[in-house]
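Reproduced below: start-v9.tsv, with TSV, C-alpha atoms.
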chain	number	residue	atom	x	y	z
D	19	HIS	CA	118.46	120.72	111.70
D	20	LEU	CA	115.91	119.78	109.06
D	21	ALA	CA	112.39	118.37	109.31
D	22	THR	CA	110.93	116.75	106.20
D	23	PHE	CA	107.26	115.82	105.85
D	24	ALA	CA	105.60	113.60	103.26
D	25	ILE	CA	101.87	112.85	103.07
D	26	GLN	CA	101.37	109.36	101.68
D	27	GLN	CA	98.60	106.79	101.54
D	28	GLY	CA	100.47	104.10	103.44
D	29	ARG	CA	103.18	103.63	106.01
D	30	ASN	CA	105.27	100.89	104.46
D	31	TRP	CA	108.71	100.20	102.98
D	32	GLN	CA	107.84	101.91	99.70
D	33	ALA	CA	106.70	105.03	101.54
D	34	LEU	CA	109.89	105.00	103.61
D	35	CYS	CA	112.06	104.85	100.50
D	36	ALA	CA	110.04	107.62	98.87
D	37	LEU	CA	110.89	109.83	101.85
D	38	LEU	CA	114.46	108.80	102.64
D	39	GLY	CA	115.67	107.54	99.28
D	40	ARG	CA	116.54	104.20	97.69
D	41	ARG	CA	117.02	101.41	100.26
D	42	GLY	CA	115.92	103.73	103.02
D	43	GLY	CA	118.61	106.33	102.44
D	44	ARG	CA	121.74	106.49	104.57
D	45	GLY	CA	122.52	106.66	108.26
D	46	VAL	CA	120.56	105.40	111.25
D	47	VAL	CA	116.79	105.69	111.60
D	48	CYS	CA	115.38	106.16	115.11
D	49	SER	CA	111.77	104.98	115.16
D	50	ASP	CA	109.16	102.78	116.74
D	51	ARG	CA	109.09	99.07	115.99
D	52	LEU	CA	106.84	99.19	112.92
D	53	HIS	CA	107.57	96.25	110.61
D	54	ALA	CA	108.20	98.60	107.65
D	55	TYR	CA	111.57	99.54	109.16
D	56	SER	CA	112.80	95.95	109.43
D	57	ARG	CA	114.39	95.97	105.97
D	58	LEU	CA	116.85	98.64	107.09
D	59	GLY	CA	118.87	96.09	109.05
D	60	LEU	CA	119.56	96.20	112.78
D	61	ARG	CA	122.76	98.26	112.56
D	62	ARG	CA	120.84	101.05	110.82
D	63	ARG	CA	118.07	101.20	113.40
D	64	GLN	CA	117.60	102.72	116.84
D	65	LEU	CA	114.40	101.62	118.53
D	66	CYS	CA	112.67	104.22	120.65
D	67	TRP	CA	112.89	103.60	124.39
D	68	ALA	CA	109.98	105.96	125.08
D	69	HIS	CA	107.72	103.64	123.09
D	70	LEU	CA	109.21	100.68	124.93
D	71	LYS	CA	108.57	102.32	128.30
D	72	ARG	CA	104.88	102.59	127.45
D	73	ASP	CA	104.83	98.90	126.56
D	74	PHE	CA	106.42	97.96	129.88
D	75	GLN	CA	103.84	100.09	131.71
D	76	LYS	CA	101.09	98.22	129.86
D	77	TRP	CA	102.47	94.85	130.94
D	78	SER	CA	102.88	96.09	134.51
D	79	ASP	CA	99.19	97.02	134.59
D	80	HIS	CA	97.99	93.95	132.68
D	81	GLY	CA	97.99	91.48	135.56
D	82	ALA	CA	100.03	89.22	137.81
D	83	ALA	CA	101.37	87.05	134.97
D	84	THR	CA	103.10	89.95	133.24
D	85	ARG	CA	103.75	92.27	136.20
D	86	ARG	CA	107.37	91.22	136.58
D	87	LEU	CA	108.02	91.86	132.89
D	88	GLY	CA	106.53	95.32	133.18
D	89	GLU	CA	108.09	96.36	136.48
D	90	ASP	CA	111.56	95.07	135.64
D	91	GLY	CA	111.33	96.73	132.24
D	92	LEU	CA	110.33	100.05	133.79
D	93	GLU	CA	113.19	99.86	136.27
D	94	LEU	CA	115.68	99.16	133.49
D	95	THR	CA	114.29	102.03	131.44
D	96	ALA	CA	114.60	104.44	134.37
D	97	GLN	CA	118.23	103.46	134.89
D	98	LEU	CA	118.99	103.83	131.20
D	99	PHE	CA	117.52	107.33	131.06
D	100	ALA	CA	119.47	108.29	134.19
D	101	PHE	CA	122.74	107.18	132.62
D	102	TRP	CA	121.83	108.94	129.39
D	103	ARG	CA	121.13	112.15	131.31
D	104	ASP	CA	124.55	111.92	132.97
D	105	PHE	CA	126.14	111.39	129.56
D	106	ARG	CA	124.31	114.41	128.12
D	107	GLN	CA	125.54	116.48	131.06
D	108	ARG	CA	129.09	115.24	130.40
D	109	LYS	CA	129.30	113.43	133.70
D	110	LEU	CA	130.04	110.22	131.77
D	111	THR	CA	132.21	109.56	128.73
D	112	ARG	CA	130.80	107.41	125.94
D	113	ARG	CA	132.95	104.51	127.13
D	114	GLN	CA	131.65	104.90	130.69
D	115	LEU	CA	128.10	105.00	129.36
D	116	GLN	CA	128.67	101.77	127.46
D	117	LEU	CA	130.11	100.07	130.55
D	118	ARG	CA	127.16	101.12	132.73
D	119	LEU	CA	124.63	99.94	130.18
D	120	THR	CA	126.23	96.51	129.67
D	121	PRO	CA	124.61	94.91	132.77
D	122	LEU	CA	121.28	96.54	131.87
D	123	ARG	CA	121.43	94.95	128.44
D	124	ARG	CA	122.19	91.57	129.99
D	125	ARG	CA	119.36	91.98	132.49
D	126	LEU	CA	116.87	92.95	129.77
D	127	ARG	CA	117.62	89.78	127.83
D	128	GLN	CA	117.08	87.75	131.01
D	129	VAL	CA	113.74	89.42	131.72
D	130	LEU	CA	112.51	88.88	128.17
D	131	ALA	CA	113.65	85.26	128.19
D	132	TRP	CA	111.80	84.67	131.47
D	133	ALA	CA	108.63	86.30	130.16
D	134	LEU	CA	108.57	83.91	127.20
D	135	ARG	CA	107.16	81.44	129.73
D	136	CYS	CA	104.60	83.79	131.33
D	137	GLY	CA	101.66	82.12	129.56
D	138	VAL	CA	100.18	85.33	128.10
D	139	ALA	CA	100.25	84.97	124.31
D	140	LYS	CA	100.55	88.67	123.46
D	141	ALA	CA	103.29	89.19	126.04
D	142	VAL	CA	105.18	86.18	124.72
D	143	GLN	CA	104.96	87.56	121.18
D	144	PHE	CA	106.11	90.97	122.42
D	145	CYS	CA	109.19	89.43	124.03
D	146	ARG	CA	109.97	87.24	121.04
D	147	ASN	CA	109.75	90.21	118.68
D	148	LEU	CA	111.86	92.41	120.95
D	149	LEU	CA	114.58	89.79	121.34
D	150	ALA	CA	114.79	89.53	117.54
D	151	VAL	CA	115.63	93.23	117.24
D	152	GLU	CA	117.41	93.67	120.59
D	153	PRO	CA	120.70	94.98	119.11
D	154	ALA	CA	118.79	97.96	117.68
D	155	LEU	CA	117.91	99.08	121.19
D	156	TRP	CA	121.54	100.04	121.84
D	157	THR	CA	122.69	101.70	118.61
D	158	PHE	CA	122.78	105.06	120.41
D	159	THR	CA	125.67	103.83	122.56
D	160	ARG	CA	128.02	103.65	119.56
D	161	VAL	CA	126.70	106.31	117.14
D	162	ALA	CA	127.42	109.95	117.97
D	163	ALA	CA	124.51	112.45	118.02
D	164	LEU	CA	121.96	109.62	118.19
D	165	GLU	CA	119.42	109.53	121.01
D	166	PRO	CA	117.66	106.54	122.62
D	167	THR	CA	114.21	107.96	121.76
D	168	ASN	CA	112.57	109.54	118.76
D	169	ASN	CA	111.01	112.26	120.93
D	170	PRO	CA	112.44	115.11	118.80
D	171	ALA	CA	110.66	113.68	115.75
D	172	GLU	CA	107.46	113.14	117.73
D	173	ARG	CA	107.50	116.77	118.89
D	174	SER	CA	107.99	118.01	115.33
D	175	LEU	CA	105.22	115.72	114.11
D	176	ARG	CA	102.66	116.78	116.71
D	177	PRO	CA	101.51	119.99	114.94
D	178	ALA	CA	100.91	117.97	111.77
D	179	VAL	CA	98.89	115.38	113.70
D	180	LEU	CA	96.76	118.08	115.32
D	181	TRP	CA	96.24	119.79	111.96
D	182	ARG	CA	95.07	116.53	110.38
D	183	LYS	CA	92.67	115.78	113.24
D	184	ASN	CA	91.17	119.26	113.20
D	185	SER	CA	90.88	119.66	109.42
D	186	PHE	CA	90.55	115.96	108.36
D	187	GLY	CA	93.69	116.28	106.23
D	188	CYS	CA	93.92	116.73	102.47
D	189	HIS	CA	92.02	114.93	99.72
D	190	SER	CA	93.81	116.19	96.63
D	191	GLU	CA	97.31	115.83	95.24
D	192	ALA	CA	97.87	119.58	95.19
D	193	GLY	CA	96.60	119.97	98.75
D	194	CYS	CA	98.88	117.22	100.05
D	195	ARG	CA	101.92	118.71	98.36
D	196	PHE	CA	101.14	122.18	99.74
D	197	ALA	CA	100.58	120.86	103.28
D	198	GLU	CA	103.75	118.76	103.40
D	199	ARG	CA	105.88	121.61	102.03
D	200	MET	CA	104.46	124.12	104.50
D	201	LEU	CA	104.98	121.68	107.37
D	202	THR	CA	108.55	121.06	106.21
D	203	ALA	CA	109.32	124.78	106.06
D	204	VAL	CA	107.67	125.74	109.35
D	205	GLN	CA	109.09	122.92	111.45
D	206	THR	CA	112.58	123.29	109.96
D	207	LEU	CA	112.60	127.01	110.73
D	208	ARG	CA	111.44	126.36	114.28
D	209	LEU	CA	114.18	123.77	114.79
D	210	GLN	CA	116.69	126.40	113.68
D	211	ASN	CA	115.11	129.13	115.86
D	212	ARG	CA	114.46	131.26	112.75
D	213	PRO	CA	111.38	133.51	112.36
D	214	VAL	CA	108.77	131.69	110.30
D	215	LEU	CA	106.84	134.74	109.06
D	216	THR	CA	110.03	136.49	107.95
D	217	TRP	CA	111.04	133.49	105.84
D	218	LEU	CA	107.55	133.09	104.35
D	219	GLU	CA	107.43	136.79	103.46
D	220	GLN	CA	110.80	136.53	101.73
D	221	ALA	CA	109.70	133.37	99.91
D	222	LEU	CA	106.61	135.12	98.50
D	223	THR	CA	108.61	138.21	97.56
D	224	ASN	CA	111.19	136.09	95.74
D	225	HIS	CA	108.49	134.12	93.95
D	226	ARG	CA	106.85	137.28	92.62
D	227	ALA	CA	110.24	138.59	91.49
D	228	ASN	CA	111.04	135.25	89.80
D	229	LEU	CA	113.93	134.69	92.21
D	230	PRO	CA	115.01	131.45	93.96
D	231	CYS	CA	113.31	130.54	97.21
D	232	PRO	CA	115.35	131.53	100.29
D	233	PRO	CA	117.26	128.55	101.67
D	234	LEU	CA	115.88	126.49	104.53
D	235	ALA	CA	119.26	125.06	105.49
D	236	SER	CA	121.05	127.61	107.63
Give the structure from the file, written as C-alpha cells.
Amino acid sequence: HLATFAIQQGRNWQALCALLGRRGGRGVVCSDRLHAYSRLGLRRRQLCWAHLKRDFQKWSDHGAATRRLGEDGLELTAQLFAFWRDFRQRKLTRRQLQLRLTPLRRRLRQVLAWALRCGVAKAVQFCRNLLAVEPALWTFTRVAALEPTNNPAERSLRPAVLWRKNSFGCHSEAGCRFAERMLTAVQTLRLQNRPVLTWLEQALTNHRANLPCPPLAS
C-alpha cells in the first residue's frame, strides 16, 4: 500500500498527470465525477458510489419532482453495497456478483432516463451527465482489487484536509514540498501498519550519516 500526496494550485488534467504520470499514468482511477478525470476514458475510471449515494439523498430531499430519482437511487445503492459485502465475505464469486448487479444496472438506466423528464433543470443535467459516464460505475465488477468507492483514499486524505483547515496550508514552495512528503510518508506507513516515529527516526539518522532514506515500500 502506498499513499502519495501532491500540493498543487489547481485540480485539473495537468495536475493529475503531474501526480500520476503522462496521460494519467496506468491502471484504473477510482474518484468522484470531477471533469478533470474525463480524459482518462471510461474503461480507466471507477466512479465512487459513496459520492453518488449522497447525490441520490439530495434528490430525495429536494422535493416531489425528484423524490423518485432519489429514493430509487438510494435503494439501488443499498442493494449494490449488500452484494459487494457478500462478495467481500466470499459468499459470492465475481461471476455471481456480476449476475446480481446486471438488473440493478438496467434499473439505474431506467430511473435516470425517467428523471430526464422530471422538469428540474439541475436534476436533468445530473442524469444526463451520469448516463454519459455510466459504464464507469461498474468497472469494479471486472477489475480485481478495485472497490466501488474511493473511501480508502478519502480516509487517507482526511488528516491532510484537517491540517490545511487548521493551519491554512503552505504558502511557499519549500513548505509545500515538505508537507506533501511528510503526508506521503506518514499515511503510507499507517497503511502498512508500520510505526511512524521509528521510520522518521531512522530517516533522520540516515540523513545525518549520509545514507539512503529507509524505504517506504515494504
Show which residues sit within 6 Å of D:Phe74, as a compact mmCIF listing (two decimals) with C-alpha atoms, in the coordinates of the input. Count all atoms listed in the file, and ignore same-chain residues fewer than 2 positions away.
# COMPACT_ATOMS: atom_id res chain seq x y z
CA LYS D 71 108.57 102.32 128.30
CA ARG D 72 104.88 102.59 127.45
CA LYS D 76 101.09 98.22 129.86
CA TRP D 77 102.47 94.85 130.94
CA GLY D 88 106.53 95.32 133.18
CA GLY D 91 111.33 96.73 132.24
CA LEU D 92 110.33 100.05 133.79
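Between atom CA of D:Trp132 and atom CA of D:Pro153 the separation is 18.4 Å.
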Shell of 12 Å around D:Gln116, all atoms listed in the file, local chain residues under 3 positions omitted, as a PDB file with C-alpha atoms, in the coordinates of the input:
ATOM      1  CA  LEU D  98     118.990 103.830 131.200  1.00  0.00           C
ATOM      2  CA  PHE D 101     122.740 107.180 132.620  1.00  0.00           C
ATOM      3  CA  TRP D 102     121.830 108.940 129.390  1.00  0.00           C
ATOM      4  CA  PHE D 105     126.140 111.390 129.560  1.00  0.00           C
ATOM      5  CA  LEU D 110     130.040 110.220 131.770  1.00  0.00           C
ATOM      6  CA  THR D 111     132.210 109.560 128.730  1.00  0.00           C
ATOM      7  CA  ARG D 112     130.800 107.410 125.940  1.00  0.00           C
ATOM      8  CA  ARG D 113     132.950 104.510 127.130  1.00  0.00           C
ATOM      9  CA  LEU D 119     124.630  99.940 130.180  1.00  0.00           C
ATOM     10  CA  THR D 120     126.230  96.510 129.670  1.00  0.00           C
ATOM     11  CA  PRO D 121     124.610  94.910 132.770  1.00  0.00           C
ATOM     12  CA  LEU D 122     121.280  96.540 131.870  1.00  0.00           C
ATOM     13  CA  ARG D 123     121.430  94.950 128.440  1.00  0.00           C
ATOM     14  CA  TRP D 156     121.540 100.040 121.840  1.00  0.00           C
ATOM     15  CA  THR D 157     122.690 101.700 118.610  1.00  0.00           C
ATOM     16  CA  PHE D 158     122.780 105.060 120.410  1.00  0.00           C
ATOM     17  CA  THR D 159     125.670 103.830 122.560  1.00  0.00           C
ATOM     18  CA  ARG D 160     128.020 103.650 119.560  1.00  0.00           C
ATOM     19  CA  VAL D 161     126.700 106.310 117.140  1.00  0.00           C
TER      20      VAL D 161
END
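The protein and nucleic acid residues lying at most 8 Å from D:Val151 are D:Leu60, D:Asn147, D:Leu155, with all atoms listed in the file considered and sequence neighbours fewer than 4 positions away removed.
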- Counting all atoms listed in the file, note down every residue that has an atom within 12 Å of the point (117.2, 127.6, 100.5) (file coordinates), as JSON, numbers by chain. {"D": [20, 203, 206, 207, 217, 218, 220, 221, 224, 229, 230, 231, 232, 233, 234, 235, 236]}
- Would you mind telling me which residue in D:Ala24, D:Cys66, D:Asn30, D:Leu38 lies nearest to D:Leu164 when using all atoms listed in the file? D:Cys66
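From atom CA of D:Gly42 back to atom CA of D:Leu58, the distance works out to 6.6 Å.
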- Query: Nearest to D:Gln27 among D:Glu191, D:Leu222, D:Gln205, D:Leu215, with distances taken over only C-alpha atoms: which residue is it?
  - Reply: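 Comparing D:Glu191, D:Leu222, D:Gln205, D:Leu215 against D:Gln27, the winner is D:Glu191.
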- Task: Please identify all polymer residues within 12 Å of D:Ser56, counting only C-alpha atoms, omitting same-chain residues fewer than 3 positions from it, and present them as a list in words.
- Result: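 Near D:Ser56, the qualifying residues are Asn30, Trp31, Leu34, Arg41, Gly42, Val47, Cys48, Ser49, Asp50, Arg51, Leu52, His53, Gly59, Leu60, Arg61, Arg62, Arg63, Gln64, Leu65, Asn147, Ala150, Val151 and Ala154 of chain D.
Considering the residues D:Glu198, D:His189, D:Asp104, D:Ala133 and counting all atoms listed in the file, D:Leu175 has its shortest atom-to-atom contact with D:Glu198.
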- Contacts of D:Arg124 within 12 Å, only C-alpha atoms, excl. fewer than 6 positions in-chain, as number ranges by chain: D: 94, 117-118, 130-131, 149, 152-153, 156
